[in-house]
Amino acid sequence: MKLDSKVPSGPVKDAWDKHRFEMKLVNPANKRKYHVIVVGSGLAGASAAASMSELGYNVSCFAFQDSPRRAHSIAAQGGINGAKNYRNDGDSIQRLFYDTVKGGDFRAREANVYRLAQVSVDIIDQCVAQGVPFAREYGGLLANRSFGGAQVSRTFYARGQTGQQLLLGAYQALEKEIARGGVKMYNRHEMLEVVTIDGVARGIITRDLVTGQVEAHVADAVVLGTGGYGNVFYLSTNAQGCNVTATYRAYKKGAAFANPCYTQIHPTCIPVAGEHQSKLTLMSESLRNDGRVWVPKKREDCSRKPGEIAEEDRDYYLERKYPSYGNLAPRDISSRAAKEACDDGRGVGPGGRGVYLDFADSIKRLGAKEIAERYGNLFEMYQRITDEDPYSVPMRIYPASHYSMGGLWVDYNLMSTIPGLHVIGEANFSDHGANRLGASALMQGLADGYFVLPYTIGHYLASNTFEKVTADHPEFRAALESVQQRAARLLGINGKRTADSFHRALGKIMWEQCGMARNEAGLTQALQEIPVLREEFWQNLTVPGTGDSFNQQLEKAGRVADFLEFGELMCLDALHREESCGGHFREEYQEAGEAKRNDDAFCYVAAWEFTGDTTAPVLNKEPLEFENVHLATRSYK
Amino acid sequence: MSGTMTIKLRVWRQSGPKAPGAFAEYTARDVSPESSFLEMLDVVNDALALEGKDPIAFDHDCREGICGMCGMMINGVAHGPSRLTTTCQLHMRSFKDGDSITLEPWRANAFPVIRDLVVDRSALDRIIQAGGFISVATGSPQDANALPIGKADADESMDAAACIGCGACVAACPNASVSLFTAAKIGHLGLLPQGQPERYRRALGMVAQMDLEGFGGCTLFGECMAACPKGISIDFIKRMNGDYIVGTVTRRPEKVTLGSG
Amino acid sequence: MLNFWNSSVGKKVVMGLTGLVLVGFVLGHMAGNLQIFMGPERYNAYARLLQHDIIEVTWAVRVALFVSVVLHALSAWQLTQRNWAARPVEYAVRESQVSTYASRTMRWGGVYLFVFLLLHLGQFTLGWKWLLPEYMPEGAYGNVVLAFGRPLWVVVYLVAMFFLLLHLFHGTWAVLRTLGVAEAKAEPLQRRLPLIIALVVTVGFSLVPLGVALGIVR
């Protein structure tokens, strides 16, 4: 497999302008003759579908939820970055670019990141025009805040519901286009296969989740905006339905999967409370602006009430270790520091898996009213879940799986290694390297959907000719049958364990061996355990009900089956990457407790190529070159 | 940590939109008060699945109260007994050991039952399609700060925009009216300068669509506001009515301009 | 205009506007009624004024009231039909959270008030003998004393006032919201002014039959 990144030559800051001019255009009258399928209706999918429809393309959009507005982008709380420099604090496109490359621990493609920083400015304009009610100052202008890992205030926000408001903006644009007839929306439809003809993506197979009908959809290009795979850990901040199926199916059809081991563990989530827990809830990172993170200095203090522990017996470990960034240290670093404290036996709360996030000082300094103004809804949410009042007792937090930086490999045009198959948003690998900075996910999803894909898809369509294909084509028929057979197989095992119980078991393996810290022994063990679990899955699974009806257990089983294969790929990638970078921390590779990168050997994108169910995937490397941000040890001290 | 609870469930089971439904009874044992309401249902469903029976179908996704996917009538109250709380964020500590809980789907003509507690809420999307947007194509609009918006207006707009589209307002309304949902969108966009050009057209279109979908009318019971997990005020319904009246009075026929192009 | 009447908001606006007309009427009517405590001459003179001296005005008012009552009742009837159709399958269990008793009795209370209105007109304006055999066209004061000399009519009247109280309590609060003119409030369900209006009207009205029943007016 040849990985051609198609990054334009010349200076990075001119690359996108140059590329935009060089790309071919589709005549306005011809656009409606092209049919594009968009899978997923989150920030990336909805914005792409709406924007392409506005341009005149004929778009079909698919979502497994009952409405495009439910996609998990909606849960993002903190904000969206934009290099507007409205605060006059030294921000610029160059600085956002620099911060993102450095924050990603030098494992992202420079040209993509630069483009992201460039269009970040347009995104804010676009969203405001759509009526996104960003927070404002009394003067009527937009408010900003600084957000995890940034020393400038470039984050725009809408209370603690920024993702919701941005998604509703994209959703409303999408509904506008649906009403106009430019987009046909398929709700409660799950994509289960990509169909390729002569190696080119020409459509998908879906299951109508209400009727169970398996259907073929033909198009000239396919776009996946299907999000990340954080649910491989079972417990994560992702929604219950988030899954790897769409991207993993594409991988099995020939799309390279890049850097699957790069997962983000978010430092501020509510700790696990019980064995039946189905999800972990994120508390916005913005809380770290005013909250101080600490654990007791002495292990024996852990069982005492936090108020009884004297100031001098508290270890404000982030402030101690990273004096210049303190409680605002980036996510990977904060998460690992919390794990270290808990591994040291100084964790608090049930099971000793938690650290305090204390607002007492801020309440003393700013008053409870101001704190309520800033974080009221988050405090309420915390209290609803834990039954504890964070105004009087410090919050307890612990890291949880949150985002996946890895994803399908794409070139500068956001096209995967399957021609015609484009991948946008969290589902691709391109912009965040090995660690994502706060408020960058929303930015990337919208950048891809509003401002990148609508250009590059035109270039793809104009550069190729498309033979007329119908759903009767042998490739479509074969794909349809394989999807039906797979469902029948899942329904026919009649074993004794539910899909959920397998998912839980897989999650435990992944969290223990491929979570915040990894090592060779653990990963090797996981690579032995996962196939055994998968074997049992196909022998001992039970799925009640039938395939031709609304069957949530069948949906779940299909997703878990893919996670059981994907987990192995993730461990394989983690095992091969013998360095520590960003969210990937190999215990063997550290220096004085800090991650140690190996740029000589691993300064590349690892793009895995599927070769068969019984053969090992092949590793392809896209070397990364840093011409503008010079490789340096990432230090937040 | 307190002990576990036993809960008696009376759940509406219905195999499809046309099928007759009926209540079935289940017992949830060893329920931890720390678990969420849906986690309690997960455990019941796991047991059903292992017995080879069809688990109780219910919609859910984010389980953090923002996606709006979940929702059911819990003892006759939309989203259950905790105010400002979606079903997924309701915790079992809100109940007592031995309680008996009746679960029903949202009931409205415009929300046909798909299965058990799952209903079809696509009518809400169609109401948005009838005008719940600002017509601006992706491109290069003016600078975001070129349009100052007073903090009070921005905040009030955000209050309305917080709607998660769960449909609890419809479920709780004795008239099955969708006025709060519709009014929230009209309020969100109508309070912003960007939303002015289409303000009255929006109100006329969205109200017409909500009637067309077969929802009831508003008689200001206020039940919607009590059920709303985001606490959206019925004051927005007042705004919707005002916009509708002004829109009716000031409406001009849309002209076809000849000779363009 | 037809779109407006056919829409749920439009019908509600018609109901609200006609309701406002009727609120104005009951306030005036109540104030007029209280003259009964000033003796038969004054009261009969008031009746003569309305029925002879300014009969043109009275007719104009009557037409306006008739139209208002018809539109008020018609829109209420049609909206109710629509609202019932919006939930064909009722909940097995439903707990009201914040809705007032007043808001929940608007419909059946309204029906009672409508029937009462017919009886009331028959008794005191049209002089239907089966309602008041001793009816005297020129003896308004006497008619009142005779009618409320019978406990049945006192009860029928007071029940009507009870529903009128509830109807006004909800209606005068709701109408400002229906017309889109109420001020936004932190607690939109609170209402003080509607309570005062409702109490003044119904207490004022009730004094008349009570006055007769207690022998103050005879």
# chains A, B, ... in the order shown; residues from 1 in each chain; ligands from 1
>>> interface_residues(of="chain B", to="chain C", cutoff="6 Å", atoms="only C-alpha atoms", output="PyMOL selection string")
chain B and resi 76-77+108-109+175-176+214-217+221-223+235+238-239+241-242
>>> interface_residues(of="chain B", to="chain A", cutoff="6 Å", atoms="only C-alpha atoms", output="CSV table (one decimal) with C-alpha atoms, in the first residue's frame")
chain,number,residue,atom,x,y,z
B,49,ALA,CA,-32.1,-11.9,27.4
B,52,GLY,CA,-34.4,-15.9,25.8
B,54,ASP,CA,-37.3,-10.0,24.4
B,61,ASP,CA,-27.7,7.2,24.0
B,62,CYS,CA,-25.5,9.7,25.8
B,67,CYS,CA,-28.8,14.0,23.6
B,129,GLN,CA,-37.7,21.8,8.8
B,133,PHE,CA,-33.2,27.6,11.2
B,134,ILE,CA,-31.5,30.7,9.9
B,138,THR,CA,-21.8,27.8,4.4
B,143,ASP,CA,-16.9,38.7,11.2
B,144,ALA,CA,-18.5,37.1,14.2
B,145,ASN,CA,-18.0,40.3,16.2
B,148,PRO,CA,-23.0,42.9,18.8
B,149,ILE,CA,-25.7,41.1,20.8
B,150,GLY,CA,-26.6,42.3,24.3
B,151,LYS,CA,-25.7,39.9,27.0
B,154,ALA,CA,-27.8,36.3,24.2
B,158,MET,CA,-29.4,30.4,25.2
>>> closest_atom_pairs(of="stretch 290-340 of chain A", to="stretch 581-593 of chain A", cutoff="12 Å", atoms="only C-alpha atoms", output="Markdown table")
| residue | atom | partner | partner_atom | distance |
| --- | --- | --- | --- | --- |
| A:Lys321 | CA | A:Gly593 | CA | 10.3 |
| A:Pro330 | CA | A:Gly582 | CA | 9.4 |
| A:Arg331 | CA | A:Gly583 | CA | 8.4 |
| A:Asp332 | CA | A:Gly583 | CA | 5.3 |
| A:Ile333 | CA | A:Gly582 | CA | 8.0 |
| A:Ser334 | CA | A:Gly583 | CA | 10.7 |
| A:Ser335 | CA | A:Gly583 | CA | 9.2 |
| A:Arg336 | CA | A:Phe585 | CA | 8.6 |
| A:Ala337 | CA | A:Gly593 | CA | 9.3 |
| A:Lys339 | CA | A:Phe585 | CA | 12.0 |
| A:Glu340 | CA | A:Gly593 | CA | 9.5 |
>>> residues_around(residues="A:Val393", least_positions_apart="6", cutoff="10 Å", atoms="only C-alpha atoms", output="JSON, numbers by chain")
{"A": [305, 306, 307, 356, 357, 358, 359, 360]}
>>> atom_distance(atom1="atom CA of B:Ser233", atom2="atom CA of B:Gly165")
14.5 Å
>>> select_by_dssp(residues="stretch 42-128 of chain B", states="alpha helix (DSSP H)", output="list in words")
Asp42, Val43, Val44, Asn45, Asp46, Ala47, Leu48, Ala49, Leu50, Ser122, Ala123, Leu124, Asp125, Arg126, Ile127 and Ile128 of chain B
>>> residues_around(residues="stretch 57-67 of chain C", least_positions_apart="2", cutoff="9 Å", atoms="only C-alpha atoms", output="ChimeraX atom specification")
/C:18,21-22,25,50-51,54-55,69-72
>>> residues_around(residues="C:Gln35", least_positions_apart="2", cutoff="12 Å", atoms="only C-alpha atoms", output="ChimeraX atom specification")
/C:28-33,37-47,140-141,204-205,207-208,211,217
>>> residues_around(residues="A:Gln528", least_positions_apart="2", cutoff="12 Å", atoms="only C-alpha atoms", output="mmCIF file with C-alpha atoms, in the first residue's frame")
data_model
loop_
_atom_site.group_PDB
_atom_site.id
_atom_site.type_symbol
_atom_site.label_atom_id
_atom_site.label_comp_id
_atom_site.auth_asym_id
_atom_site.auth_seq_id
_atom_site.Cartn_x
_atom_site.Cartn_y
_atom_site.Cartn_z
ATOM 1 C CA ILE A 509 -8.805 -6.014 29.255
ATOM 2 C CA GLN A 513 -3.550 -3.292 29.439
ATOM 3 C CA ALA A 521 3.956 -7.650 29.007
ATOM 4 C CA GLY A 522 0.436 -6.321 29.424
ATOM 5 C CA LEU A 523 -0.119 -5.760 25.726
ATOM 6 C CA THR A 524 1.194 -9.208 24.897
ATOM 7 C CA GLN A 525 -1.173 -10.648 27.451
ATOM 8 C CA ALA A 526 -4.084 -8.671 25.989
ATOM 9 C CA ILE A 530 -8.787 -10.905 23.200
ATOM 10 C CA PRO A 531 -8.856 -13.738 20.619
ATOM 11 C CA VAL A 532 -9.962 -16.135 23.351
ATOM 12 C CA LEU A 533 -12.780 -13.804 24.334
ATOM 13 C CA ARG A 534 -13.724 -13.363 20.689
ATOM 14 C CA GLU A 535 -13.791 -17.111 20.221
ATOM 15 C CA GLY A 567 -9.272 -4.146 20.282
ATOM 16 C CA GLU A 568 -6.628 -6.491 19.009
ATOM 17 C CA CYS A 571 -3.076 -3.446 21.224
ATOM 18 C CA LEU A 572 -0.936 -4.413 18.264
#
>>> residues_around(residues="B:Lys8", least_positions_apart="2", cutoff="9 Å", atoms="only C-alpha atoms", output="list of chain:residue names")
B:Thr6, B:Arg10, B:Glu25, B:Tyr26, B:Thr27, B:Ala28, B:Arg29, B:Gly98, B:Asp99, B:Ser100, B:Ile101, B:Thr102
>>> write_last_selection(atoms="N, CA and C atoms", output="mmCIF file, in the first residue's frame")
data_model
loop_
_atom_site.group_PDB
_atom_site.id
_atom_site.type_symbol
_atom_site.label_atom_id
_atom_site.label_comp_id
_atom_site.auth_asym_id
_atom_site.auth_seq_id
_atom_site.Cartn_x
_atom_site.Cartn_y
_atom_site.Cartn_z
ATOM 1 N N THR B 6 -35.366 -3.773 46.139
ATOM 2 C CA THR B 6 -36.165 -4.570 45.207
ATOM 3 C C THR B 6 -37.270 -3.663 44.673
ATOM 4 N N ARG B 10 -43.950 -2.260 36.319
ATOM 5 C CA ARG B 10 -45.103 -2.542 35.467
ATOM 6 C C ARG B 10 -44.811 -1.787 34.178
ATOM 7 N N GLU B 25 -45.396 -7.364 34.107
ATOM 8 C CA GLU B 25 -44.761 -7.069 35.393
ATOM 9 C C GLU B 25 -43.431 -7.783 35.537
ATOM 10 N N TYR B 26 -42.487 -7.078 36.113
ATOM 11 C CA TYR B 26 -41.149 -7.618 36.345
ATOM 12 C C TYR B 26 -40.690 -7.202 37.731
ATOM 13 N N THR B 27 -39.730 -7.933 38.249
ATOM 14 C CA THR B 27 -39.145 -7.536 39.521
ATOM 15 C C THR B 27 -37.651 -7.305 39.315
ATOM 16 N N ALA B 28 -37.191 -6.129 39.714
ATOM 17 C CA ALA B 28 -35.757 -5.844 39.659
ATOM 18 C C ALA B 28 -35.206 -6.047 41.061
ATOM 19 N N ARG B 29 -34.265 -6.974 41.198
ATOM 20 C CA ARG B 29 -33.701 -7.270 42.516
ATOM 21 C C ARG B 29 -32.273 -6.735 42.635
ATOM 22 N N GLY B 98 -38.885 -1.676 47.591
ATOM 23 C CA GLY B 98 -40.263 -2.163 47.543
ATOM 24 C C GLY B 98 -41.191 -1.302 46.708
ATOM 25 N N ASP B 99 -40.701 -0.182 46.185
ATOM 26 C CA ASP B 99 -41.553 0.675 45.358
ATOM 27 C C ASP B 99 -42.027 -0.072 44.122
ATOM 28 N N SER B 100 -43.180 0.351 43.657
ATOM 29 C CA SER B 100 -43.662 -0.208 42.418
ATOM 30 C C SER B 100 -43.716 0.927 41.395
ATOM 31 N N ILE B 101 -43.169 0.676 40.209
ATOM 32 C CA ILE B 101 -43.002 1.744 39.221
ATOM 33 C C ILE B 101 -43.701 1.355 37.920
ATOM 34 N N THR B 102 -44.534 2.249 37.418
ATOM 35 C CA THR B 102 -45.205 2.021 36.136
ATOM 36 C C THR B 102 -44.473 2.792 35.047
#
>>> closest_residue(among="A:Asp548, A:Ile397, A:Tyr604, A:Leu453", to="B:Gly16", atoms="only C-alpha atoms")
A:Asp548
>>> select_by_dssp(residues="stretch 339-414 of chain A", states="strand (DSSP E or B)", output="PyMOL selection string")
chain A and resi 355-358+395-404+407-408
>>> atom_distance(atom1="atom CA of A:Ala83", atom2="atom CA of A:Arg95")
8.0 Å
>>> atom_distance(atom1="atom CA of A:Met191", atom2="atom CA of A:Thr226")
9.5 Å
>>> closest_residue(among="B:Ser157, B:Thr85, B:Gln194, B:Ser94", to="B:Val136", atoms="only C-alpha atoms")
B:Gln194
